[in-house]
>>> print(open('model-v2.txt').read())   # compact mmCIF, C-alpha atoms
# COMPACT_ATOMS: atom_id res chain seq x y z
CA MET A 4 0.00 0.00 0.00
CA ARG A 5 1.35 3.42 -0.89
CA THR A 6 1.69 6.05 1.75
CA GLN A 7 -0.03 9.36 1.60
CA THR A 8 1.52 12.50 3.06
CA ALA A 9 -0.31 15.56 4.15
CA LEU A 10 1.65 18.75 4.70
CA ALA A 11 0.81 21.60 7.06
CA VAL A 12 3.02 24.67 7.34
CA PHE A 13 2.66 27.17 10.14
CA TRP A 14 4.55 29.81 12.15
CA LEU A 15 5.67 33.14 10.71
CA ALA A 16 4.05 35.22 7.96
CA ALA A 17 4.45 37.51 4.96
CA VAL A 18 7.62 39.49 4.38
CA SER A 19 7.27 43.27 4.22
CA THR A 20 9.75 45.19 2.11
CA VAL A 21 11.73 47.93 3.83
CA SER A 22 14.32 50.11 2.14
CA CYS A 23 17.58 50.34 4.00
CA MET A 24 20.80 52.35 3.93
CA PRO A 25 23.91 50.14 4.25
CA LEU A 26 27.02 51.19 6.17
CA GLU A 27 29.86 48.78 5.39
CA CYS A 28 32.97 48.26 7.47
CA SER A 29 36.18 49.22 5.67
CA ARG A 30 39.84 49.80 6.45
CA HIS A 31 39.29 53.50 5.75
CA MET A 32 37.11 54.03 8.81
CA ALA A 33 38.85 56.35 11.27
CA GLY A 34 37.69 56.14 14.86
CA SER A 35 34.04 55.86 15.79
CA ALA A 36 31.51 56.62 13.08
CA PRO A 37 28.41 58.43 14.39
CA VAL A 38 25.08 57.07 13.18
CA TRP A 39 22.04 59.28 13.80
CA LEU A 40 18.74 57.49 13.44
CA ASN A 41 15.89 59.17 11.63
CA GLY A 42 12.25 58.30 12.21
CA PRO A 43 10.80 54.80 12.50
CA ALA A 44 10.76 52.47 9.47
CA ASP A 45 14.08 53.95 8.28
CA PRO A 46 16.54 51.13 9.07
CA ILE A 47 20.30 51.22 8.60
CA GLU A 48 22.46 48.14 7.92
CA LEU A 49 25.86 47.75 9.57
CA THR A 50 27.79 45.01 7.78
CA SER A 51 31.14 43.35 7.37
CA PRO A 52 33.15 44.28 4.25
CA ASN A 53 31.71 43.00 0.98
CA TYR A 54 28.80 41.39 2.83
CA PRO A 55 27.61 38.63 2.42
CA ASN A 56 30.81 37.57 0.62
CA THR A 57 34.37 37.23 1.92
CA TYR A 58 36.70 40.21 1.95
CA ASN A 59 40.40 40.82 1.34
CA ALA A 60 41.45 42.83 4.37
CA SER A 61 43.01 42.32 7.78
CA ASN A 62 43.61 44.37 10.93
CA LEU A 63 40.17 45.92 10.75
CA LEU A 64 38.61 47.96 13.52
CA CYS A 65 35.18 49.33 12.67
CA GLU A 66 33.01 51.05 15.24
CA TRP A 67 29.64 52.74 14.93
CA VAL A 68 27.95 54.73 17.69
CA VAL A 69 24.21 54.68 17.05
CA ARG A 70 22.19 57.50 18.56
CA PRO A 71 18.41 57.96 18.63
CA ARG A 72 16.73 61.34 18.42
CA PHE A 73 13.48 63.08 19.29
CA GLY A 74 12.32 60.76 22.07
CA THR A 75 12.95 57.49 20.23
CA LYS A 76 15.05 54.49 21.26
CA VAL A 77 17.40 52.20 19.32
CA LYS A 78 15.96 48.99 17.91
CA VAL A 79 18.71 46.47 17.13
CA THR A 80 18.13 43.40 14.96
CA PHE A 81 20.92 40.83 14.76
CA VAL A 82 20.56 39.24 11.34
CA GLN A 83 23.88 37.37 11.13
CA ALA A 84 27.11 37.13 13.14
CA GLU A 85 29.60 34.46 12.04
CA MET A 86 33.00 35.15 13.57
CA GLY A 87 34.63 31.72 13.13
CA SER A 88 36.16 29.47 15.75
CA ASP A 89 39.54 31.21 16.07
CA CYS A 90 39.32 33.27 19.26
CA GLN A 91 42.11 35.62 18.18
CA SER A 92 40.84 36.52 14.71
CA ASN A 93 37.42 38.13 14.76
CA SER A 94 34.90 39.54 17.22
CA LEU A 95 31.69 41.54 17.12
CA GLU A 96 30.52 43.32 20.25
CA VAL A 97 27.42 45.43 20.82
CA PHE A 98 26.75 47.42 23.99
CA ASP A 99 24.96 50.44 25.43
CA ALA A 100 27.28 52.18 27.89
CA GLY A 101 24.51 54.36 29.30
CA SER A 102 21.86 51.69 29.78
CA GLN A 103 21.14 49.67 32.88
CA GLY A 104 19.29 46.43 33.21
CA ASP A 105 18.75 45.50 29.55
CA VAL A 106 20.61 42.88 27.54
CA LEU A 107 22.94 45.45 25.92
CA ALA A 108 23.99 47.16 29.16
CA TYR A 109 27.79 47.36 29.22
CA PRO A 110 29.71 45.14 28.49
CA GLY A 111 26.80 43.96 26.33
CA LEU A 112 27.06 40.96 24.00
CA LYS A 113 30.08 39.69 22.09
CA ALA A 114 30.35 37.10 19.31
CA GLN A 115 33.73 35.33 19.29
CA CYS A 116 35.29 31.87 19.35
CA GLY A 117 32.43 30.34 17.39
CA VAL A 118 29.87 31.61 19.91
CA ASP A 119 26.98 33.81 18.77
CA PRO A 120 25.20 35.20 21.87
CA PHE A 121 22.91 37.54 19.97
CA PRO A 122 19.15 36.91 19.98
CA PRO A 123 17.58 35.68 16.72
CA SER A 124 16.49 38.18 14.10
CA TYR A 125 12.83 37.79 15.00
CA ASP A 126 13.58 38.96 18.54
CA PRO A 127 15.03 42.51 18.24
CA VAL A 128 16.51 44.37 21.21
CA ILE A 129 15.31 47.82 22.30
CA SER A 130 17.88 50.01 24.05
CA ASP A 131 17.99 53.63 25.20
CA GLY A 132 21.20 54.39 23.31
CA PRO A 133 23.72 55.35 22.28
CA VAL A 134 24.50 51.80 21.12
CA THR A 135 28.06 50.93 20.09
CA VAL A 136 28.70 48.26 17.44
CA ARG A 137 32.38 47.26 17.22
CA PHE A 138 33.91 44.77 14.78
CA THR A 139 37.52 43.65 15.08
CA SER A 140 39.19 41.42 12.48
CA GLN A 141 42.76 40.17 12.63
CA GLY A 142 42.14 37.19 10.36
CA LEU A 143 43.57 36.87 6.88
CA ASP A 144 40.89 34.81 5.17
CA GLY A 145 38.13 37.43 5.36
CA SER A 146 35.55 34.79 6.21
CA ALA A 147 33.86 36.57 9.11
CA LYS A 148 30.52 38.10 8.23
CA PHE A 149 27.86 40.02 10.07
CA LYS A 150 24.80 42.17 9.51
CA VAL A 151 23.19 44.26 12.23
CA VAL A 152 20.15 46.41 11.46
CA VAL A 153 19.49 49.50 13.59
CA GLU A 154 16.45 51.76 13.47
CA ALA A 155 14.45 54.14 15.63
CA THR A 156 11.41 53.09 17.62
CA GLN A 157 8.13 54.98 17.64
CA PRO A 158 8.57 58.35 19.42
CA GLN A 159 6.74 59.30 22.59
CA CYS A 160 4.67 62.23 21.35
CA ASP A 161 2.26 62.59 24.27
CA THR A 162 3.10 65.85 26.07
CA ASP A 163 -0.11 66.19 28.09
CA SER A 164 1.78 65.53 31.31
CA ASN A 165 3.84 68.68 30.73
CA GLU A 166 1.17 71.18 29.66
CA ALA A 167 2.56 74.70 29.51
CA ALA A 168 1.22 77.24 31.96
CA ALA A 169 2.41 80.85 32.00
CA TYR A 170 5.40 80.99 34.34
CA THR A 171 4.26 78.08 36.49
CA GLY A 172 7.80 77.68 37.79
CA CYS A 173 8.37 81.42 37.92
CA PRO A 174 6.29 82.69 40.88
CA ASP A 175 8.32 85.86 41.43
CA GLY A 176 8.80 86.76 37.78
CA PRO A 177 11.97 86.45 35.70
CA CYS A 178 13.90 89.10 37.61
CA CYS A 179 14.17 86.87 40.69
CA GLN A 180 17.16 85.83 42.76
CA GLY A 181 18.92 82.50 42.37
CA GLU A 182 19.82 80.29 39.43
CA GLY A 183 16.82 78.58 37.86
CA CYS A 184 14.31 80.64 39.89
CA CYS A 185 12.17 81.17 36.78
CA THR A 186 11.37 78.00 34.81
CA VAL A 187 8.85 77.91 31.97
CA ALA A 188 7.56 74.45 31.04
CA LEU A 189 6.77 74.06 27.36
CA ALA A 190 4.49 71.47 25.81
CA GLN A 191 1.51 71.78 23.47
CA SER A 192 1.01 75.52 23.88
CA ASP A 193 3.52 78.31 23.26
CA ALA A 194 4.82 80.74 25.86
CA ALA A 195 5.25 84.47 25.35
CA ILE A 196 8.61 85.75 26.62
CA THR A 197 9.02 89.53 26.91
CA SER A 198 11.24 91.97 28.71
CA PRO A 199 9.65 93.42 31.88
CA GLU A 200 6.91 96.01 31.21
CA TYR A 201 7.06 95.38 27.44
CA PRO A 202 6.32 97.37 25.30
CA ALA A 203 7.19 100.09 27.83
CA ASP A 204 10.69 100.83 29.06
CA SER A 205 11.77 97.99 31.36
CA GLY A 206 13.84 100.20 33.64
CA ARG A 207 17.44 100.12 34.74
CA ASN A 208 19.69 97.80 36.74
CA LEU A 209 17.80 94.61 35.86
CA SER A 210 19.11 91.06 35.77
CA CYS A 211 16.41 88.65 34.59
CA SER A 212 16.46 85.08 33.30
CA TRP A 213 14.09 82.39 31.99
CA THR A 214 14.90 78.69 31.84
CA LEU A 215 12.79 77.17 29.07
CA GLU A 216 12.22 73.43 29.41
CA ALA A 217 10.64 71.13 26.81
CA PRO A 218 9.74 67.47 27.42
CA VAL A 219 12.56 64.96 27.04
CA GLY A 220 13.09 64.22 23.36
CA TYR A 221 11.92 67.71 22.33
CA ASN A 222 13.86 70.89 21.57
CA VAL A 223 13.14 74.50 22.46
CA ALA A 224 12.47 76.98 19.64
CA LEU A 225 12.58 80.72 20.27
CA ASN A 226 11.13 83.14 17.69
CA PHE A 227 11.88 86.85 18.16
CA LEU A 228 9.00 89.10 17.12
CA ASP A 229 10.27 92.51 18.17
CA MET A 230 13.41 94.18 19.52
CA ASP A 231 14.04 97.80 20.48
CA MET A 232 16.99 98.08 22.89
CA ARG A 233 19.84 100.46 23.55
CA GLN A 234 22.93 99.71 21.48
CA ASP A 235 26.46 100.60 22.56
CA PRO A 236 28.99 102.32 20.26
CA GLY A 237 30.53 100.00 17.75
CA SER A 238 27.32 97.90 17.57
CA SER A 239 28.28 96.11 20.78
CA CYS A 240 25.85 94.89 23.43
CA LEU A 241 27.83 95.40 26.62
CA ASN A 242 25.41 97.20 28.90
CA ASP A 243 21.87 96.33 27.81
CA PHE A 244 21.27 93.00 26.06
CA VAL A 245 19.22 89.85 25.74
CA LYS A 246 21.27 86.67 25.69
CA ILE A 247 20.18 83.17 24.67
CA ALA A 248 22.25 80.14 25.57
CA ASP A 249 22.08 76.37 25.09
CA PRO A 250 23.37 74.44 28.13
CA LEU A 251 24.15 71.46 25.86
CA ASN A 252 27.32 71.79 23.81
CA SER A 253 26.87 70.12 20.42
CA ALA A 254 28.52 70.17 17.00
CA HIS A 255 25.36 71.41 15.26
CA GLY A 256 24.10 73.92 17.83
CA ALA A 257 24.26 77.62 16.96
CA LEU A 258 24.16 78.90 20.55
CA GLY A 259 26.32 76.78 22.87
CA PRO A 260 26.74 77.27 26.62
CA GLN A 261 28.35 80.71 26.15
CA GLY A 262 25.34 81.91 24.22
CA LEU A 263 24.76 84.88 21.91
CA SER A 264 23.90 88.43 22.98
CA PHE A 265 21.67 90.82 21.02
CA CYS A 266 20.54 94.42 21.22
CA GLY A 267 19.58 97.27 18.88
CA GLU A 268 16.42 97.92 16.87
CA LEU A 269 16.32 94.85 14.62
CA VAL A 270 15.40 91.30 15.60
CA PRO A 271 18.34 88.87 15.73
CA ASN A 272 19.41 87.43 12.37
CA PHE A 273 17.50 90.11 10.43
CA PRO A 274 16.51 90.03 7.58
CA ALA A 275 16.50 86.21 7.71
CA PRO A 276 14.07 84.37 10.01
CA SER A 277 14.73 85.23 13.65
CA ILE A 278 14.34 81.77 15.14
CA PHE A 279 16.76 79.73 17.26
CA SER A 280 16.69 76.16 18.54
CA SER A 281 18.34 74.38 21.42
CA SER A 282 20.31 71.17 20.93
CA GLY A 283 18.66 69.53 23.93
CA ASN A 284 15.42 70.23 25.74
CA THR A 285 16.56 73.38 27.59
CA MET A 286 17.32 76.98 26.63
CA VAL A 287 18.26 79.89 28.92
CA ILE A 288 17.35 83.53 28.22
CA LYS A 289 18.99 86.38 30.12
CA TYR A 290 17.97 90.04 30.00
CA GLN A 291 20.18 92.72 31.49
CA THR A 292 20.15 96.51 31.78
CA ASP A 293 22.82 98.63 33.45
CA VAL A 294 22.43 101.38 36.05
CA SER A 295 22.28 104.22 33.52
CA ASN A 296 19.15 106.36 33.79
CA VAL A 297 18.48 106.59 30.07
CA ARG A 298 15.64 105.79 27.68
CA ARG A 299 15.88 102.17 26.59
CA GLY A 300 13.03 101.47 24.17
CA ARG A 301 10.45 98.70 24.14
CA GLY A 302 12.82 95.83 25.00
CA PHE A 303 12.09 92.52 23.27
CA SER A 304 9.25 90.13 22.54
CA ALA A 305 9.56 86.45 21.60
CA VAL A 306 7.57 83.21 21.49
CA ALA A 307 8.96 79.94 22.85
CA SER A 308 7.70 76.49 21.86
CA ALA A 309 8.54 72.82 22.26
CA ILE A 310 9.32 71.18 18.92
CA ASN A 311 9.90 67.62 17.77
CA PRO A 312 10.26 66.88 14.03
CA LEU A 313 8.56 63.52 14.54
CA CYS A 314 5.65 64.82 16.60
CA THR A 315 4.92 68.53 16.22
CA PRO A 316 4.92 71.24 13.55
CA ILE A 317 7.11 74.31 13.89
CA SER A 318 5.56 77.71 13.22
CA TYR A 319 7.29 81.07 13.24
CA SER A 320 6.92 84.68 12.11
CA HIS A 321 9.49 86.16 9.76
CA ILE A 322 9.91 89.93 9.81
CA TYR A 323 11.19 90.95 6.37
CA ASP A 324 11.51 94.73 6.19
CA ASP A 325 7.94 95.93 6.74
CA ASN A 326 6.38 92.55 5.88
CA VAL A 327 5.55 89.78 8.32
CA CYS A 328 5.46 86.28 6.85
CA GLU A 329 4.03 83.28 8.68
CA ALA A 330 5.59 79.88 8.07
CA THR A 331 4.75 76.38 9.27
CA CYS A 332 6.60 73.12 8.69
CA SER A 333 4.75 69.88 9.38
CA PRO A 334 6.30 67.00 11.32
CA HIS A 335 7.89 64.07 9.54
CA VAL A 336 5.27 61.63 8.31
CA PHE A 337 6.61 58.16 8.98
CA PRO A 338 4.75 55.02 7.94
CA THR A 339 3.20 52.66 10.41
CA PRO A 340 5.87 50.03 11.02
CA PRO A 341 5.11 46.89 8.98
CA PRO A 342 5.00 43.45 10.58
CA ALA A 343 8.48 42.31 11.49
CA PRO A 344 9.91 41.00 8.21
CA HIS A 345 11.98 38.15 9.62
CA CYS A 346 10.05 35.16 8.38
CA TYR A 347 12.34 32.30 9.12
CA PRO A 348 12.78 29.78 10.55
CA VAL A 349 9.43 28.34 9.59
CA GLU A 350 8.37 25.14 11.33
CA LEU A 351 7.36 22.56 8.72
CA THR A 352 5.09 19.84 10.07
CA THR A 353 4.77 16.69 7.96
CA PHE A 354 1.87 14.30 8.59
CA VAL A 355 2.27 10.67 7.42
CA ILE A 356 -0.94 8.60 7.34
CA GLU A 357 -2.16 5.48 5.59
CA ALA A 358 -3.69 6.16 2.21
CA ASN A 359 -7.44 6.70 2.16
CA SER A 360 -7.59 6.81 5.96
CA THR A 361 -6.62 8.90 8.94
CA ILE A 362 -4.45 6.24 10.59
CA PRO A 363 -1.04 7.79 11.46
CA ILE A 364 2.18 5.96 10.66
CA SER A 365 4.80 6.23 13.39
CA GLY A 366 8.50 5.59 12.84
CA ALA A 367 8.36 6.59 9.16
CA SER A 368 11.57 8.05 7.78
CA ILE A 369 11.38 11.48 6.11
CA GLU A 370 14.43 12.71 4.19
CA ILE A 371 14.28 16.48 3.74
CA GLU A 372 16.60 18.04 1.16
CA THR A 373 16.87 21.63 -0.01
CA ILE A 374 16.16 22.15 -3.68
CA SER A 375 16.36 25.93 -3.55
CA ASN A 376 17.62 27.81 -0.51
CA GLY A 377 15.33 30.76 -0.98
CA VAL A 378 14.88 33.79 -3.16
CA GLU A 379 16.90 36.73 -1.91
CA LEU A 380 14.64 39.49 -0.68
CA ALA A 381 16.71 42.45 -1.88
CA ASP A 382 14.51 45.06 -0.20
CA ASN A 383 14.39 43.25 3.13
CA PRO A 384 17.35 44.20 5.34
CA TYR A 385 16.57 41.36 7.73
CA TRP A 386 16.97 38.58 5.17
CA VAL A 387 19.98 36.29 5.03
CA ALA A 388 20.37 33.18 2.90
CA PRO A 389 19.71 30.05 4.98
CA GLU A 390 21.97 27.03 5.04
CA GLN A 391 21.43 24.11 2.71
CA LEU A 392 19.37 21.40 4.41
CA ARG A 393 19.75 17.63 4.18
CA VAL A 394 18.38 15.81 7.22
CA THR A 395 16.33 12.78 8.17
CA ARG A 396 13.43 12.94 10.59
CA PHE A 397 11.20 10.16 11.98
CA THR A 398 7.50 10.49 12.66
CA ASN A 399 6.09 10.44 16.19
CA LEU A 400 3.21 8.30 17.44
CA ASP A 401 0.77 10.75 15.88
CA GLY A 402 2.51 10.46 12.51
CA THR A 403 4.10 13.91 12.61
CA ALA A 404 7.66 15.14 12.18
CA LEU A 405 8.94 18.68 12.64
CA GLN A 406 11.73 20.55 10.84
CA ASP A 407 12.75 24.20 10.65
CA VAL A 408 12.92 25.49 7.08
CA THR A 409 12.92 28.88 5.37
CA GLU A 410 9.76 30.52 4.14
CA THR A 411 11.17 31.13 0.66
CA GLY A 412 12.67 27.68 0.11
CA SER A 413 11.83 24.59 -1.91
CA TYR A 414 12.32 21.10 -0.43
CA LEU A 415 12.16 17.50 -1.57
CA LEU A 416 10.59 15.13 0.98
CA THR A 417 11.12 11.37 0.58
CA VAL A 418 8.97 9.28 2.93
CA THR A 419 9.64 5.59 3.59
CA ALA A 420 8.05 3.18 6.07
CA ASP A 421 8.07 -0.61 6.52
CA GLY A 422 5.31 -2.24 4.54
CA PHE A 423 4.58 0.84 2.43
CA PHE A 424 5.73 2.13 -0.92
CA PRO A 425 8.08 5.15 -0.79
CA HIS A 426 6.46 8.49 -1.43
CA THR A 427 8.17 11.66 -2.70
CA VAL A 428 6.72 15.16 -2.63
CA GLU A 429 8.14 18.57 -3.47
CA VAL A 430 7.26 21.38 -1.09
CA ASN A 431 7.50 25.03 -2.18
CA ILE A 432 7.02 27.29 0.82
CA THR A 433 6.01 30.90 0.35
CA CYS A 434 5.01 33.57 2.81
CA ASP A 435 1.38 32.89 1.96
CA ASP A 436 1.68 29.49 3.63
CA VAL A 437 2.56 30.75 7.07
CA GLU A 438 0.35 32.18 9.79
CA TYR A 439 2.45 34.47 11.94
CA CYS A 440 5.46 36.69 11.34
CA GLY A 441 7.90 37.74 14.04
>>> encode(input="model-v2.txt", output="structure tokens")
Amino acid sequence: MRTQTALAVFWLAAVSTVSCMPLECSRHMAGSAPVWLNGPADPIELTSPNYPNTYNASNLLCEWVVRPRFGTKVKVTFVQAEMGSDCQSNSLEVFDAGSQGDVLAYPGLKAQCGVDPFPPSYDPVISDGPVTVRFTSQGLDGSAKFKVVVEATQPQCDTDSNEAAAYTGCPDGPCCQGEGCCTVALAQSDAAITSPEYPADSGRNLSCSWTLEAPVGYNVALNFLDMDMRQDPGSSCLNDFVKIADPLNSAHGALGPQGLSFCGELVPNFPAPSIFSSSGNTMVIKYQTDVSNVRRGRGFSAVASAINPLCTPISYSHIYDDNVCEATCSPHVFPTPPPAPHCYPVELTTFVIEANSTIPISGASIEIETISNGVELADNPYWVAPEQLRVTRFTNLDGTALQDVTETGSYLLTVTADGFFPHTVEVNITCDDVEYCG
């Protein structure tokens, strides 16, 4: 009697295509390479040289420092990490020096000596960041290979817990005593910042300050609307001035901790837009007048807001000669993250029963051989070609046998059992055959 096989494929689901920017290790890398993550669904590949092929290079040291922005975190997917068995040749380590308690907290995870401690690609790691990825290669055969995909998580855009209220943390006004005595919390609504008594003369011998605070992950934007202040000879601002400073020192910040001072009858940066941004979530404004009993003008007027390119628009007024232009830029529109596109391994379940019945056959031998090891998913950064498969499995009492395969592969199954004719079937697995992805 011939056997009859029934096949059922489950676990994992359809692959979603995601475009990806590759960053390849090379001998020309000097020091740590900064990697700034954009919004969600914008992954970046970190790979060995000439991935997935071998490379002709030795004495490599490649390091990337991956940083999230705008209230996001770093999502790390370990697609492949084959360092070989030689403990002195190659290593790949990934860690988050500033994190505590998660799997990447320093010293993190390290692949070396034939050991791959990284979680599978369908189980990504979320870390606060910055995350350091460091590859060292002393080997001469160039056989080590790796691919790590990094991307930003969804941002935390809810600012309701930090609703702005006029000078909530500034009970005595900005001209108070003590550092940080006037704090303005920014969130969904803007805050008007003006010199004392604006638009009237503020008076002499004043030392005032505002500390503007946005939620974590946001920046502070300050838009000057008016300025009419005394200016010293030589266009200097030594006696009366308004000064804006950014406590966070960064390479892209225009202000810095030392800040910039302004005075005179034109808004700062005139005739271009008079708007400034902090590098972090804090900005400090200082307003000073000297003891001279002179006429000073209206002072200044500005609007402060919390901005996040992933969550909020930015709006500002641009004074251009006698015209006032209003401008608004919308936040980045990022797609809803697709289902995790790591659709292997897929668990193939083979049922062996007697023909024309439901009686299971236990102890049957099933030879499983790869015919095609999968179609490369060029737009899927999480895909890696699986190994060729040639194994033998035996059915259980219920006539089933399990084997991990790839969702894009083709397999030849040869079933034999005592007292039955051999049976051969070709199985072509596609993402339509599987039930769950990730």
>>> closest_residue(input="model-v2.txt", among="A:Cys65, A:Val223, A:Ile322, A:Leu313", to="A:Pro334", atoms="only C-alpha atoms")
A:Leu313
>>> atom_distance(input="model-v2.txt", atom1="atom CA of A:Val118", atom2="atom CA of A:Pro46")
26.0 Å
>>> residues_around(input="model-v2.txt", residues="A:Cys240", least_positions_apart="6", cutoff="9 Å", atoms="all atoms listed in the file", output="list in words")
Arg233, Gln234, Ser264, Phe265, Cys266 and Gly267 of chain A
>>> residues_around(input="model-v2.txt", residues="A:Glu329", least_positions_apart="6", cutoff="10 Å", atoms="all atoms listed in the file", output="PyMOL selection string")
chain A and resi 318-322
>>> residues_around(input="model-v2.txt", residues="stretch 134-150 of chain A", least_positions_apart="4", cutoff="7 Å", atoms="all atoms listed in the file", output="PyMOL selection string")
chain A and resi 48-51+54-55+57-70+81-87+92-99
>>> closest_residue(input="model-v2.txt", among="A:Cys211, A:Leu258, A:Leu26, A:Ile374", to="A:Arg393", atoms="only C-alpha atoms")
A:Ile374
>>> axis_aligned_box(input="model-v2.txt", around="stretch 117-120 of chain A", padding_each_side="3 Å", output="lines of an AutoDock Vina configuration file")
center_x = 28.8
center_y = 32.8
center_z = 19.6
size_x = 13.2
size_y = 10.9
size_z = 10.5
>>> closest_atom_pairs(input="model-v2.txt", of="stretch 95-211 of chain A", to="stretch 298-304 of chain A", cutoff="9 Å", atoms="only C-alpha atoms", output="tab-separated table")
residue	atom	partner	partner_atom	distance
A:Ala195	CA	A:Ser304	CA	7.5
A:Ile196	CA	A:Ser304	CA	6.0
A:Thr197	CA	A:Ser304	CA	4.4
A:Ser198	CA	A:Phe303	CA	5.5
A:Pro199	CA	A:Gly302	CA	7.9
A:Glu200	CA	A:Arg301	CA	8.4
A:Tyr201	CA	A:Arg301	CA	5.8
A:Pro202	CA	A:Arg301	CA	4.5
A:Ala203	CA	A:Arg301	CA	5.1
A:Asp204	CA	A:Arg301	CA	5.4
A:Ser205	CA	A:Gly302	CA	6.8
A:Gly206	CA	A:Arg299	CA	7.6
A:Arg207	CA	A:Arg299	CA	8.5
>>> closest_residue(input="model-v2.txt", among="A:Glu370, A:Gln406, A:Tyr290, A:Pro43", to="A:Glu429", atoms="all atoms listed in the file")
A:Glu370
>>> closest_residue(input="model-v2.txt", among="A:Ala194, A:Val327, A:Ala254, A:Val306", to="A:Phe279", atoms="all atoms listed in the file")
A:Val306
>>> closest_atom_pairs(input="model-v2.txt", of="stretch 299-355 of chain A", to="stretch 359-367 of chain A", cutoff="12 Å", atoms="only C-alpha atoms", output="CSV")
residue,atom,partner,partner_atom,distance
A:Thr353,CA,A:Ala367,CA,10.8
A:Phe354,CA,A:Pro363,CA,7.7
A:Val355,CA,A:Ile364,CA,5.7
>>> residues_around(input="model-v2.txt", residues="A:Gly183", least_positions_apart="6", cutoff="12 Å", atoms="all atoms listed in the file", output="list of chain:residue names")
A:Gly172, A:Cys173, A:Pro174, A:Asp175, A:Gly176, A:Pro177, A:Cys211, A:Ser212, A:Trp213, A:Thr214, A:Leu215, A:Glu216, A:Thr285, A:Met286, A:Val287, A:Ile288, A:Lys289
>>> closest_residue(input="model-v2.txt", among="A:Cys90, A:Cys179, A:Ala330, A:Val349", to="A:Thr409", atoms="all atoms listed in the file")
A:Val349
>>> closest_residue(input="model-v2.txt", among="A:Ser281, A:Gln180, A:Asn311, A:Asn326", to="A:Asn252", atoms="all atoms listed in the file")
A:Ser281
>>> atom_distance(input="model-v2.txt", atom1="atom CA of A:Ser102", atom2="atom CA of A:Asp161")
23.1 Å
>>> atom_distance(input="model-v2.txt", atom1="atom CA of A:Asn41", atom2="atom CA of A:Pro218")
18.9 Å
